[in-house]
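Chemist: Contents are compact mmCIF, C-alpha atoms; file name start15.txt:
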# COMPACT_ATOMS: atom_id res chain seq x y z
CA MET A 1 2.49 -38.46 -1.30
CA LYS A 2 5.11 -38.50 -4.05
CA ASN A 3 8.07 -40.80 -4.13
CA ILE A 4 10.66 -38.14 -4.91
CA LYS A 5 13.99 -38.59 -3.24
CA ASN A 6 16.51 -36.53 -5.14
CA LYS A 7 17.02 -33.28 -7.00
CA ALA A 8 16.84 -34.80 -10.49
CA LYS A 9 13.51 -36.49 -9.81
CA LEU A 10 12.16 -33.31 -8.26
CA LEU A 11 13.12 -31.29 -11.33
CA LYS A 12 11.44 -33.82 -13.59
CA TYR A 13 8.29 -33.58 -11.49
CA LEU A 14 8.37 -29.75 -11.49
CA ASP A 15 8.83 -29.74 -15.29
CA GLU A 16 5.57 -31.66 -15.52
CA LEU A 17 3.81 -29.22 -13.20
CA ILE A 18 4.87 -26.07 -15.05
CA LYS A 19 4.56 -27.38 -18.54
CA SER A 20 4.69 -25.19 -21.59
CA ASP A 21 3.29 -26.02 -25.01
CA LYS A 22 4.74 -25.17 -28.41
CA TYR A 23 2.73 -21.97 -28.67
CA PHE A 24 4.12 -20.16 -25.61
CA LYS A 25 7.58 -21.81 -25.64
CA MET A 26 8.21 -20.90 -22.01
CA PRO A 27 11.49 -22.10 -20.45
CA LYS A 28 11.40 -25.39 -18.55
CA PHE A 29 11.60 -25.29 -14.78
CA SER A 30 14.78 -27.36 -14.86
CA GLU A 31 16.40 -24.76 -17.14
CA ILE A 32 15.88 -21.92 -14.72
CA ALA A 33 16.69 -24.03 -11.65
CA LYS A 34 20.18 -24.85 -12.92
CA ASN A 35 21.75 -21.63 -11.67
CA SER A 36 19.17 -20.76 -9.05
CA ILE A 37 20.55 -20.16 -5.55
CA ILE A 38 17.04 -20.33 -4.10
CA PHE A 39 16.39 -23.74 -5.64
CA ASN A 40 19.61 -25.15 -4.28
CA THR A 41 18.71 -23.99 -0.78
CA GLU A 42 15.00 -24.81 -0.95
CA TYR A 43 14.82 -28.10 -2.87
CA LYS A 44 15.02 -30.16 0.33
CA ASN A 45 11.97 -28.30 1.67
CA LEU A 46 10.10 -29.07 -1.55
CA ILE A 47 10.96 -32.78 -1.32
CA PHE A 48 9.87 -32.78 2.32
CA ILE A 49 6.50 -31.17 1.51
CA LEU A 50 5.90 -33.59 -1.39
CA SER A 51 6.79 -36.59 0.76
CA LYS A 52 4.16 -35.73 3.37
CA ARG A 53 1.18 -38.11 3.51
CA THR A 54 -1.31 -35.33 4.19
CA LYS A 55 -0.63 -31.80 3.11
CA ASN A 56 -2.36 -28.93 4.84
CA PHE A 57 -3.17 -25.53 3.35
CA LYS A 58 0.03 -24.01 4.75
CA ASP A 59 2.18 -26.68 3.06
CA GLU A 60 0.43 -26.12 -0.24
CA MET A 61 0.91 -22.36 0.04
CA ARG A 62 4.59 -22.75 0.87
CA PHE A 63 5.13 -25.15 -2.03
CA ASN A 64 3.36 -22.87 -4.51
CA GLN A 65 5.15 -19.82 -3.21
CA ILE A 66 8.61 -21.36 -3.60
CA ILE A 67 8.19 -22.69 -7.10
CA LEU A 68 6.14 -19.79 -8.53
CA ASN A 69 8.42 -17.14 -7.03
CA MET A 70 11.48 -18.99 -8.29
CA TYR A 71 10.09 -19.50 -11.77
CA PHE A 72 8.61 -16.06 -12.41
CA SER A 73 11.55 -14.12 -10.99
CA SER A 74 13.99 -15.80 -13.36
CA MET A 75 15.45 -13.53 -16.06
CA LYS A 76 14.87 -16.16 -18.76
CA VAL A 77 11.18 -16.32 -17.93
CA LYS A 78 10.87 -12.55 -17.65
CA SER A 79 12.44 -11.93 -21.04
CA ARG A 80 10.26 -14.60 -22.68
CA ILE A 81 7.16 -12.99 -21.14
CA LYS A 82 8.32 -9.64 -22.49
CA GLU A 83 8.68 -11.12 -25.98
CA LEU A 84 5.21 -12.63 -25.75
CA ASN A 85 3.76 -9.33 -24.51
CA ASN A 86 5.16 -7.52 -27.53
CA LYS A 87 3.84 -10.24 -29.81
CA PHE A 88 0.34 -10.12 -28.29
CA TYR A 89 0.36 -6.33 -28.37
CA LYS A 90 1.25 -6.31 -32.05
CA GLU A 91 -1.43 -8.90 -32.76
CA THR A 92 -4.16 -6.91 -31.01
CA ASN A 93 -3.13 -3.41 -32.05
CA ASN A 94 -1.22 -4.11 -35.23
CA ILE A 95 1.51 -1.55 -34.36
CA ASN A 96 4.89 -1.55 -32.70
CA ILE A 97 4.65 -0.09 -29.21
CA GLN A 98 8.21 1.24 -29.06
CA LYS A 99 8.46 3.43 -32.15
CA PRO A 100 5.54 5.90 -31.86
CA ILE A 101 6.36 6.73 -28.24
CA PHE A 102 10.00 7.36 -29.13
CA ARG A 103 9.09 9.63 -32.04
CA LYS A 104 6.56 11.52 -29.96
CA GLN A 105 9.07 12.16 -27.20
CA LYS A 106 11.56 13.55 -29.70
CA SER A 107 9.05 15.97 -31.21
CA ILE A 108 8.04 17.18 -27.73
CA TYR A 109 11.64 17.97 -26.87
CA LYS A 110 12.07 19.86 -30.15
CA ASP A 111 9.06 22.06 -29.39
CA ILE A 112 10.26 23.13 -25.98
CA ASN A 113 11.80 26.56 -26.30
CA LEU A 114 14.32 26.84 -23.51
CA MET B 115 13.31 8.94 19.48
CA THR B 116 11.70 8.01 22.78
CA LYS B 117 10.52 11.25 24.30
CA ILE B 118 10.16 14.99 23.86
CA ILE B 119 11.47 17.02 26.79
CA SER B 120 9.34 19.97 27.74
CA ASN B 121 8.42 22.34 30.52
CA LYS B 122 5.01 23.96 30.93
CA THR B 123 5.18 26.09 27.77
CA THR B 124 8.23 25.09 25.73
CA ALA B 125 9.68 21.98 24.13
CA GLU B 126 13.35 21.84 24.99
CA GLY B 127 14.62 18.90 22.95
CA VAL B 128 14.33 15.17 22.46
CA VAL B 129 15.62 11.96 24.00
CA TYR B 130 16.66 9.17 21.65
CA LEU B 131 18.35 5.78 21.70
CA ASP B 132 21.55 5.31 19.75
CA LYS B 133 22.41 2.03 18.01
CA ASN B 134 23.75 0.56 21.27
CA LYS B 135 20.49 1.47 23.02
CA ASN B 136 22.11 4.25 25.07
CA LEU B 137 19.83 7.16 25.89
CA LYS B 138 21.02 10.44 24.38
CA THR B 139 19.59 13.95 24.50
CA ILE B 140 19.52 16.78 21.97
CA THR B 141 18.31 20.23 22.90
CA SER B 142 16.75 22.46 20.27
CA ARG B 143 14.78 25.65 19.75
CA PHE B 144 12.08 23.84 17.82
CA VAL B 145 10.85 20.27 17.76
CA ILE B 146 9.20 19.27 14.49
CA LEU B 147 7.42 15.92 14.29
CA ALA B 148 6.80 14.00 11.07
CA CYS B 149 6.16 10.44 12.26
CA ASN B 150 2.74 9.79 10.59
CA GLY B 151 -0.70 9.34 12.11
CA ILE B 152 0.45 6.60 14.48
CA GLY B 153 4.04 7.56 15.32
CA THR B 154 3.34 11.21 16.13
CA PRO B 155 0.59 10.65 18.73
CA ARG B 156 2.55 7.69 20.09
CA LEU B 157 5.49 9.98 20.80
CA LEU B 158 3.30 12.72 22.27
CA LEU B 159 1.51 10.25 24.56
CA ALA B 160 4.83 8.69 25.61
CA SER B 161 6.22 12.16 26.45
CA LYS B 162 3.80 12.86 29.29
CA ASN B 163 5.30 14.73 32.24
CA LYS B 164 4.14 16.54 35.36
CA TYR B 165 2.80 19.46 33.28
CA PHE B 166 1.08 17.27 30.70
CA ARG B 167 -0.21 14.22 32.51
CA LYS B 168 -2.40 12.96 29.61
CA GLY B 169 0.41 13.31 27.07
CA LEU B 170 2.26 16.22 25.54
CA ALA B 171 0.10 18.90 23.86
CA ASN B 172 -2.98 16.90 24.84
CA SER B 173 -5.02 19.43 26.80
CA SER B 174 -7.87 18.84 24.33
CA GLY B 175 -7.68 15.08 24.91
CA LEU B 176 -7.61 14.59 21.12
CA VAL B 177 -4.08 13.24 20.69
CA GLY B 178 -4.57 9.76 19.26
CA LYS B 179 -8.30 10.26 18.59
CA ASN B 180 -10.12 10.55 15.22
CA LEU B 181 -7.95 7.98 13.46
CA MET B 182 -8.91 7.73 9.78
CA LEU B 183 -7.58 5.00 7.49
CA HIS B 184 -9.21 5.06 4.01
CA PRO B 185 -10.79 1.59 3.86
CA LEU B 186 -10.39 0.29 0.30
CA GLY B 187 -12.66 -1.57 -2.06
CA PHE B 188 -11.36 -3.50 -5.04
CA ALA B 189 -12.93 -4.59 -8.33
CA GLU B 190 -11.06 -6.35 -11.12
CA GLY B 191 -12.41 -6.96 -14.59
CA LEU B 192 -11.15 -9.83 -16.74
CA PHE B 193 -11.19 -9.06 -20.46
CA GLU B 194 -11.05 -11.32 -23.48
CA LYS B 195 -8.78 -8.87 -25.29
CA PHE B 196 -5.08 -8.41 -24.49
CA MET B 197 -5.07 -5.16 -22.48
CA ASN B 198 -1.32 -4.70 -21.88
CA SER B 199 -2.30 -3.69 -18.34
CA ASP B 200 1.10 -4.61 -16.84
CA PHE B 201 2.42 -1.43 -18.39
CA GLY B 202 2.18 2.13 -17.14
CA PRO B 203 2.47 3.96 -13.84
CA GLU B 204 2.25 1.92 -10.66
CA GLY B 205 -0.51 3.00 -8.30
CA CYS B 206 -2.95 5.04 -10.31
CA CYS B 207 -3.35 5.46 -14.08
CA VAL B 208 -6.74 7.16 -14.25
CA TYR B 209 -8.99 8.39 -11.48
CA SER B 210 -12.54 9.67 -11.19
CA HIS B 211 -13.96 12.16 -8.71
CA GLN B 212 -17.48 11.82 -10.07
CA PHE B 213 -18.70 10.30 -6.80
CA TYR B 214 -16.43 12.30 -4.51
CA GLU B 215 -18.78 14.91 -3.02
CA THR B 216 -21.87 14.47 -0.85
CA ASN B 217 -24.93 13.74 -2.96
CA ILE B 218 -28.29 14.30 -1.26
CA ARG B 219 -29.75 11.34 -3.17
CA ASN B 220 -27.38 8.98 -1.36
CA ASN B 221 -27.93 7.72 2.16
CA PHE B 222 -24.38 8.59 3.23
CA LYS B 223 -22.14 11.62 3.60
CA ARG B 224 -19.16 12.37 1.36
CA GLY B 225 -18.00 9.86 -1.26
CA CYS B 226 -15.13 8.04 -2.90
CA THR B 227 -12.48 8.16 -5.61
CA LEU B 228 -12.31 5.44 -8.22
CA GLN B 229 -8.69 4.72 -9.15
CA VAL B 230 -7.86 2.60 -12.17
CA LEU B 231 -4.72 0.70 -11.27
CA ARG B 232 -2.03 -1.00 -13.29
CA GLY B 233 -2.58 -4.74 -13.69
CA ASN B 234 -0.52 -7.26 -11.77
CA GLY B 235 2.92 -8.35 -12.94
CA PRO B 236 3.59 -12.01 -13.90
CA LEU B 237 4.71 -13.19 -10.46
CA GLU B 238 1.85 -11.48 -8.64
CA THR B 239 -0.64 -12.81 -11.21
CA ALA B 240 0.59 -16.39 -10.78
CA ASN B 241 0.47 -16.24 -6.98
CA TYR B 242 -2.92 -14.54 -6.98
CA LEU B 243 -4.45 -17.03 -9.43
CA LYS B 244 -3.03 -19.94 -7.49
CA LYS B 245 -4.45 -18.58 -4.24
CA LEU B 246 -7.89 -18.35 -5.88
CA ARG B 247 -7.38 -21.91 -7.24
CA ILE B 248 -7.86 -20.69 -10.81
CA LEU B 249 -4.34 -21.58 -11.94
CA LYS B 250 -3.78 -25.32 -12.23
CA TYR B 251 -0.52 -27.15 -12.76
CA GLY B 252 -0.06 -29.30 -15.83
CA LYS B 253 -0.50 -28.79 -19.55
CA ASP B 254 -2.98 -25.89 -19.19
CA PHE B 255 -0.78 -23.91 -16.79
CA PHE B 256 0.34 -21.25 -19.27
CA LYS B 257 -2.96 -21.20 -21.15
CA ILE B 258 -4.72 -20.16 -17.92
CA PHE B 259 -1.88 -17.85 -16.93
CA PHE B 260 -1.77 -15.93 -20.22
CA SER B 261 -5.55 -15.67 -20.42
CA ASN B 262 -5.42 -13.71 -17.13
CA TYR B 263 -2.06 -11.94 -17.19
CA ASN B 264 -2.37 -8.59 -19.01
CA HIS B 265 -6.08 -9.21 -19.46
CA THR B 266 -7.26 -7.50 -16.27
CA ILE B 267 -8.10 -3.95 -15.24
CA PRO B 268 -8.35 -3.32 -11.50
CA ILE B 269 -10.22 -0.41 -9.93
CA ALA B 270 -9.65 0.64 -6.33
CA ILE B 271 -12.31 2.49 -4.37
CA ILE B 272 -10.87 4.94 -1.84
CA THR B 273 -13.51 6.02 0.63
CA GLU B 274 -13.57 9.22 2.66
CA ASP B 275 -13.37 7.97 6.22
CA LEU B 276 -15.08 10.39 8.62
CA PRO B 277 -13.44 11.37 11.92
CA SER B 278 -14.76 9.57 14.98
CA LYS B 279 -13.44 9.74 18.53
CA LYS B 280 -14.10 6.00 18.91
CA ASN B 281 -11.43 5.28 16.30
CA SER B 282 -8.32 5.95 18.28
CA LEU B 283 -4.98 4.68 19.49
CA GLU B 284 -3.49 4.32 22.92
CA LEU B 285 -0.16 3.22 24.33
CA ASP B 286 0.24 -0.42 25.25
CA TYR B 287 2.71 -0.70 28.11
CA LYS B 288 2.48 -4.52 28.18
CA ILE B 289 3.76 -5.03 24.65
CA LYS B 290 6.97 -3.18 23.91
CA ASP B 291 8.98 -2.78 20.72
CA ALA B 292 12.57 -3.91 20.14
CA TRP B 293 13.83 -0.70 21.75
CA GLY B 294 11.78 -1.19 24.91
CA GLN B 295 9.30 1.52 23.99
CA PRO B 296 5.56 1.05 24.67
CA GLY B 297 3.61 -0.40 21.77
CA VAL B 298 0.45 0.95 20.20
CA LYS B 299 -3.05 -0.42 20.63
CA ILE B 300 -5.41 0.62 17.86
CA ASN B 301 -9.17 0.74 18.33
CA TYR B 302 -10.68 0.99 14.89
CA LYS B 303 -14.02 -0.05 13.46
CA ILE B 304 -15.27 0.73 9.97
CA GLN B 305 -18.19 3.11 10.37
CA ASN B 306 -21.59 2.54 8.76
CA ASN B 307 -21.15 5.60 6.57
CA THR B 308 -17.87 4.19 5.21
CA LYS B 309 -19.47 0.77 4.61
CA LYS B 310 -22.20 2.44 2.56
CA ILE B 311 -19.63 4.38 0.51
CA LEU B 312 -17.68 1.16 -0.12
CA LYS B 313 -20.79 -0.62 -1.37
CA TYR B 314 -21.76 2.32 -3.56
CA GLY B 315 -18.23 2.65 -4.99
CA LEU B 316 -18.01 -1.08 -5.70
CA ASP B 317 -21.33 -1.02 -7.56
CA LYS B 318 -20.08 1.85 -9.70
CA ALA B 319 -16.72 0.16 -10.41
CA ILE B 320 -18.44 -3.11 -11.39
CA LYS B 321 -20.77 -1.17 -13.69
CA VAL B 322 -17.82 0.61 -15.35
CA LEU B 323 -15.92 -2.65 -15.91
CA LYS B 324 -18.95 -4.47 -17.31
CA LYS B 325 -19.71 -1.56 -19.61
CA ALA B 326 -16.08 -1.67 -20.79
CA GLY B 327 -16.58 -5.29 -21.82
CA ALA B 328 -15.22 -7.33 -18.91
CA LYS B 329 -16.34 -10.95 -19.18
CA LYS B 330 -15.87 -11.49 -15.44
CA VAL B 331 -15.63 -9.07 -12.51
CA LEU B 332 -14.15 -9.95 -9.14
CA SER B 333 -14.88 -7.53 -6.32
CA PHE B 334 -14.54 -7.30 -2.58
CA ALA B 335 -14.36 -4.79 0.27
CA PRO B 336 -12.75 -3.90 2.55
CA VAL B 337 -9.39 -5.04 1.20
CA LYS B 338 -7.39 -6.89 3.86
CA HIS B 339 -4.17 -5.37 5.18
CA THR B 340 -5.04 -1.89 3.92
CA GLY B 341 -5.10 1.09 6.24
CA TRP B 342 -1.71 2.47 5.37
CA HIS B 343 -3.02 6.06 5.15
CA LEU B 344 -2.89 7.16 8.78
CA MET B 345 -4.60 10.46 9.42
CA GLY B 346 -6.38 12.72 11.90
CA THR B 347 -4.78 11.81 15.24
CA THR B 348 -3.48 15.32 16.06
CA LYS B 349 -6.04 17.33 14.18
CA MET B 350 -5.63 20.93 13.02
CA GLY B 351 -8.09 23.62 14.08
CA ASN B 352 -8.55 27.11 15.47
CA LYS B 353 -9.86 26.21 18.91
CA LYS B 354 -7.63 24.84 21.64
CA ASN B 355 -10.33 22.61 23.10
CA SER B 356 -11.30 20.94 19.80
CA SER B 357 -7.94 20.52 18.06
CA VAL B 358 -4.27 19.79 18.74
CA VAL B 359 -2.42 22.09 16.31
CA ASN B 360 -3.22 25.53 14.86
CA LYS B 361 -3.17 26.49 11.18
CA PHE B 362 0.63 26.86 11.28
CA GLY B 363 1.15 23.31 12.57
CA GLN B 364 2.08 24.55 16.06
CA THR B 365 0.53 22.67 18.95
CA HIS B 366 -1.85 24.90 20.92
CA ASP B 367 -0.15 23.98 24.20
CA ILE B 368 3.52 24.28 23.17
CA LYS B 369 4.28 26.84 20.47
CA ASN B 370 7.72 25.57 19.50
CA LEU B 371 6.44 22.02 18.95
CA LEU B 372 5.25 21.59 15.36
CA ILE B 373 3.67 18.68 13.48
CA VAL B 374 4.01 18.36 9.71
CA ASP B 375 2.54 14.95 8.81
CA SER B 376 -0.86 13.51 7.89
CA SER B 377 -1.91 13.27 11.54
CA ILE B 378 -2.92 16.96 11.41
CA PHE B 379 -5.63 16.34 8.76
CA PRO B 380 -9.04 17.24 10.25
CA THR B 381 -10.75 15.15 7.53
CA SER B 382 -9.35 12.35 5.42
CA ALA B 383 -10.60 13.26 1.90
CA ALA B 384 -10.86 10.37 -0.54
CA VAL B 385 -7.44 10.72 -2.12
CA ASN B 386 -3.92 9.54 -1.35
CA PRO B 387 -2.64 11.86 1.39
CA ILE B 388 1.04 12.24 0.49
CA SER B 389 0.70 15.33 -1.74
CA THR B 390 -1.36 17.13 0.91
CA SER B 391 1.18 16.11 3.59
CA GLN B 392 4.04 17.47 1.50
CA ALA B 393 2.17 20.70 0.75
CA LEU B 394 1.38 21.18 4.44
CA ALA B 395 4.99 20.48 5.43
CA LEU B 396 6.23 23.11 2.95
CA TYR B 397 3.60 25.60 4.07
CA ILE B 398 4.42 25.11 7.75
CA ALA B 399 8.18 25.32 7.10
CA ASP B 400 7.73 28.52 5.06
CA ASN B 401 5.72 30.10 7.85
CA LEU B 402 8.27 29.07 10.42
CA VAL B 403 11.14 30.62 8.42
CA LYS B 404 9.09 33.76 7.81
CA SER B 405 8.27 34.22 11.49
CA LEU B 406 11.91 33.62 12.47
CA ASN B 407 13.08 36.21 9.92
CA GLU B 408 10.62 38.74 11.29
CA LYS B 409 11.67 38.03 14.85
CA TYR B 410 15.43 38.14 14.40
Output the file's structure as C-alpha cells, nothing else.

Modeler:
Amino acid sequence: MKNIKNKAKLLKYLDELIKSDKYFKMPKFSEIAKNSIIFNTEYKNLIFILSKRTKNFKDEMRFNQIILNMYFSSMKVKSRIKELNNKFYKETNNINIQKPIFRKQKSIYKDINL
Amino acid sequence: MTKIISNKTTAEGVVYLDKNKNLKTITSRFVILACNGIGTPRLLLASKNKYFRKGLANSSGLVGKNLMLHPLGFAEGLFEKFMNSDFGPEGCCVYSHQFYETNIRNNFKRGCTLQVLRGNGPLETANYLKKLRILKYGKDFFKIFFSNYNHTIPIAIITEDLPSKKNSLELDYKIKDAWGQPGVKINYKIQNNTKKILKYGLDKAIKVLKKAGAKKVLSFAPVKHTGWHLMGTTKMGNKKNSSVVNKFGQTHDIKNLLIVDSSIFPTSAAVNPISTSQALALYIADNLVKSLNEKY
C-alpha cells in the first residue's frame, strides 16, 4: 500500500518506477504525462490501485497496462527510441541505414525503361 | 444479412436488417457469399426452409463441417547483438517451405511453414516483458528493456490442419448476437497429427534460432487466441454427396448461389489463406462473367 493521495505525488512515484539513466536519456514519466489526456482521466484509477492493501493479479495488470501504454505511446518517447535505434544500428553495423536504401531506390528507378 | 431466400432450385435474393433493425429484402439473379469460414456456413444454416431442412445447399450435410484453423506455434530467439528487428514488413519477412510436404520419415502427414516475423515494437515489448515478469521497475528498467527490444527474432510455425468432420460449427439459438441472429457454437479440437506437426516445427525453429546465435529461446504451442484462418466449412469438390460447391464456386444444390471465400478450401495448406481466397474469388468471378456472356 502506498500513501499517494494526489497527482504530484503519483507522478513522483511513477518517475521512480520508470527511471532512465544518463546513457539512454529517456524522457521522464512526468514529462510525457503533462499533456496526456489518458493520464488526466486515469490517474485516479492509478491512485486507487496503489492505495489498495492487497493487490491481485488483475490490479497489477491494469496498473502496468495504463502506465506502459501511456509512456510508450507518447511521441517524445517514440522519437527518443528512434534516435537510440539509429545510434545502436550505426554502432553495430558502422553505416547509416537511410542513405544506401535511398541511393539504391534511385538507381532502380533509373533502370526501369518505361 | 439474416437469410438467403430460395426455392427448390434457385436463390432469389437476401433478407437483411437495416440500421434501425427493420427487415428488408433484395431480389437478385445471383447470390454470392464471401463471409469467411464461419459467416458463410452460419448464413447457409440459418437460411433453412421447407426445401432445405438441414440448411441451404446442405444436401451433403457438410455445411459447417471440416473446420480448419491453422494452429500456430511460436519460437522467439533473444540475441546479444542489436538486430534492428522492429523494422521491415509486418507479418512475414522470410519463410521456409522445407518442412511443408509429407515426409515418410515423419510420423505425421503433411507439414508446416516456418515464418520469420518482425520483432515487437516498443509498447508490445514492454507489455510482453512485464507479463513474463522479466521487466522490472526501477533503475534497471531501460537496461532490461533495451536488451530485449530489437534483440529478438520470432518464428511462427503454421501447421497444415487436416479436415475432420468432428471439427465443425453449428447454430446456437440460445445465444443471439446484437441483431437477434442465432450465434455460432464451434466444436474444435486440435488433432494428433497437428500436435505432432507443431512439435516438429517448434524443434526446427528452436534449432534455427540457436544455430543463428540466440542466447535464449522462448517457445510455445499452440499460441492462444489464434485460429483466425477459417477454412473448409463449405468445401469444394466434384461430387454432390462429398462437397458443397463445384469447381466454379457454385453450390451443387443451387446453381445461382456462389461462395468465394476460404470456406471452400478442401484442405488448409500451411500458408496464409488470403492470396488463395483472392485468386479463387477472381477465378470464380471470371467464370461467372464468361458464362453470362455466352448465355446472353

Chemist: What separation in Å, quoted to one decimal, exists between CA of Gly191 (chain B) and CA of Leu323 (chain B)?

Modeler: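 According to the coordinates, CA of Gly191 (chain B) and CA of Leu323 (chain B) are separated by 5.7 Å.
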
Chemist: Determine the nearest neighbour of Lys138 (chain B) from the options B:Asn262, B:Ser210, B:Thr116, B:Ser376, counting only C-alpha atoms.

Modeler: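 Nearest to Lys138 (chain B): B:Thr116.
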
Chemist: Please, which residues in region 213-290 of chain B fall within 12 Å of region 44-63 of chain A when counting only C-alpha atoms, and what is the closest atom pair and distance in Å to one decimal for each, ordered by chain then residue number, as a tab-separated table?

Modeler:
residue	atom	partner	partner_atom	distance
B:Asn241	CA	A:Met61	CA	9.3
B:Tyr242	CA	A:Met61	CA	11.2
B:Lys244	CA	A:Met61	CA	8.8
B:Lys245	CA	A:Met61	CA	7.8
B:Leu246	CA	A:Met61	CA	11.3
B:Arg247	CA	A:Met61	CA	11.0

Chemist: Could you write out as a PDB file with C-alpha atoms, keeping the file's coordinate frame the residues of chain B within 7 Å of chain A, counting all atoms listed in the file?

Modeler:
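Below is the file that was written, part.pdb:
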ATOM      1  CA  PHE B 196      -5.080  -8.410 -24.490  1.00  0.00           C
ATOM      2  CA  ASN B 198      -1.320  -4.700 -21.880  1.00  0.00           C
ATOM      3  CA  PRO B 236       3.590 -12.010 -13.900  1.00  0.00           C
ATOM      4  CA  LEU B 237       4.710 -13.190 -10.460  1.00  0.00           C
ATOM      5  CA  ALA B 240       0.590 -16.390 -10.780  1.00  0.00           C
ATOM      6  CA  ASN B 241       0.470 -16.240  -6.980  1.00  0.00           C
ATOM      7  CA  TYR B 251      -0.520 -27.150 -12.760  1.00  0.00           C
ATOM      8  CA  GLY B 252      -0.060 -29.300 -15.830  1.00  0.00           C
ATOM      9  CA  LYS B 253      -0.500 -28.790 -19.550  1.00  0.00           C
ATOM     10  CA  PHE B 255      -0.780 -23.910 -16.790  1.00  0.00           C
ATOM     11  CA  PHE B 256       0.340 -21.250 -19.270  1.00  0.00           C
TER      12      PHE B 256
END

Chemist: Write out as JSON, numbers by chain the residues lying within 8 Å of Lys76 (chain A), counting all atoms listed in the file and excluding same-chain residues fewer than 2 positions away.

Modeler: {"A": [27, 32, 74, 78, 79, 80]}

Chemist: Given the point (-9.2, -9.4, -23.7) in the file's coordinates, find the residues that have an atom at most 8 Å from it, counting only C-alpha atoms, and give them as an MDAnalysis selection string.

Modeler: chainID B and resid 192:197 261 265:266 328

Chemist: With distances taken over all atoms listed in the file, which residue among B:Pro380, B:Gly315, B:Leu394, B:Lys117 lies nearest Val129 (chain B)?

Modeler: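 Of the candidates, the smallest distance to Val129 (chain B) is held by B:Lys117.
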
Chemist: Pick from B:Asn264, B:Val359, B:Glu284, B:Ser377: nearest to Pro296 (chain B), with all atoms listed in the file counted?

Modeler: B:Glu284

Chemist: Go through B:Ser389, B:Asn307, B:Gln364, B:Asn281 and flag the residue nearest Phe222 (chain B), using only C-alpha atoms for the distances.

Modeler: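 So, comparing all the options, the nearest one is B:Asn307.
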
Chemist: I'd like the interatomic distance between CA of Lys354 (chain B) and CA of His366 (chain B), to a tenth of an Å.

Modeler: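 So the answer is 5.8 Å.
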
Chemist: Please report the interatomic distance between CA of Ala189 (chain B) and CA of Asp317 (chain B) in Å with one decimal.

Modeler: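 Value for the CA of Ala189 (chain B)-CA of Asp317 (chain B) distance: 9.2 Å.
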
Chemist: Can you tell me, as a list in words, what residues are no more than 10 Å from Leu276 (chain B) when counting only C-alpha atoms, ignoring any on the same chain fewer than 5 positions away?

Modeler: Asn180, Leu181, Met182, Leu183, His184, Lys223, Arg224, Asn281, Ile304, Gln305, Asn307, Thr308, Gly346, Pro380, Thr381, Ser382 and Ala383 of chain B

Chemist: If I only have part of region 1-15 of chain A, can you fill in N, CA and C atoms and write it as a compact mmCIF listing (two decimals), in the frame of the given file?

Modeler:
# COMPACT_ATOMS: atom_id res chain seq x y z
N MET A 1 1.08 -38.24 -1.61
CA MET A 1 2.49 -38.46 -1.30
C MET A 1 3.24 -38.85 -2.58
N LYS A 2 4.33 -38.19 -2.84
CA LYS A 2 5.11 -38.50 -4.05
C LYS A 2 6.43 -39.14 -3.62
N ASN A 3 6.82 -40.11 -4.44
CA ASN A 3 8.07 -40.80 -4.13
C ASN A 3 9.24 -40.08 -4.83
N ILE A 4 9.57 -38.92 -4.32
CA ILE A 4 10.66 -38.14 -4.91
C ILE A 4 11.77 -38.04 -3.88
N LYS A 5 12.94 -38.55 -4.26
CA LYS A 5 13.99 -38.59 -3.24
C LYS A 5 15.21 -37.74 -3.56
N ASN A 6 15.33 -37.35 -4.82
CA ASN A 6 16.51 -36.53 -5.14
C ASN A 6 16.18 -35.34 -6.04
N LYS A 7 17.20 -34.53 -6.27
CA LYS A 7 17.02 -33.28 -7.00
C LYS A 7 16.55 -33.53 -8.44
N ALA A 8 17.17 -34.52 -9.09
CA ALA A 8 16.84 -34.80 -10.49
C ALA A 8 15.37 -35.21 -10.65
N LYS A 9 14.91 -36.06 -9.74
CA LYS A 9 13.51 -36.49 -9.81
C LYS A 9 12.57 -35.33 -9.52
N LEU A 10 12.98 -34.48 -8.60
CA LEU A 10 12.16 -33.31 -8.26
C LEU A 10 12.03 -32.40 -9.47
N LEU A 11 13.15 -32.16 -10.16
CA LEU A 11 13.12 -31.29 -11.33
C LEU A 11 12.22 -31.85 -12.42
N LYS A 12 12.28 -33.16 -12.59
CA LYS A 12 11.44 -33.82 -13.59
C LYS A 12 9.96 -33.62 -13.25
N TYR A 13 9.67 -33.75 -11.95
CA TYR A 13 8.29 -33.58 -11.49
C TYR A 13 7.83 -32.14 -11.69
N LEU A 14 8.73 -31.18 -11.35
CA LEU A 14 8.37 -29.75 -11.49
C LEU A 14 8.21 -29.35 -12.96
N ASP A 15 8.99 -29.99 -13.84
CA ASP A 15 8.83 -29.74 -15.29
C ASP A 15 7.44 -30.14 -15.76
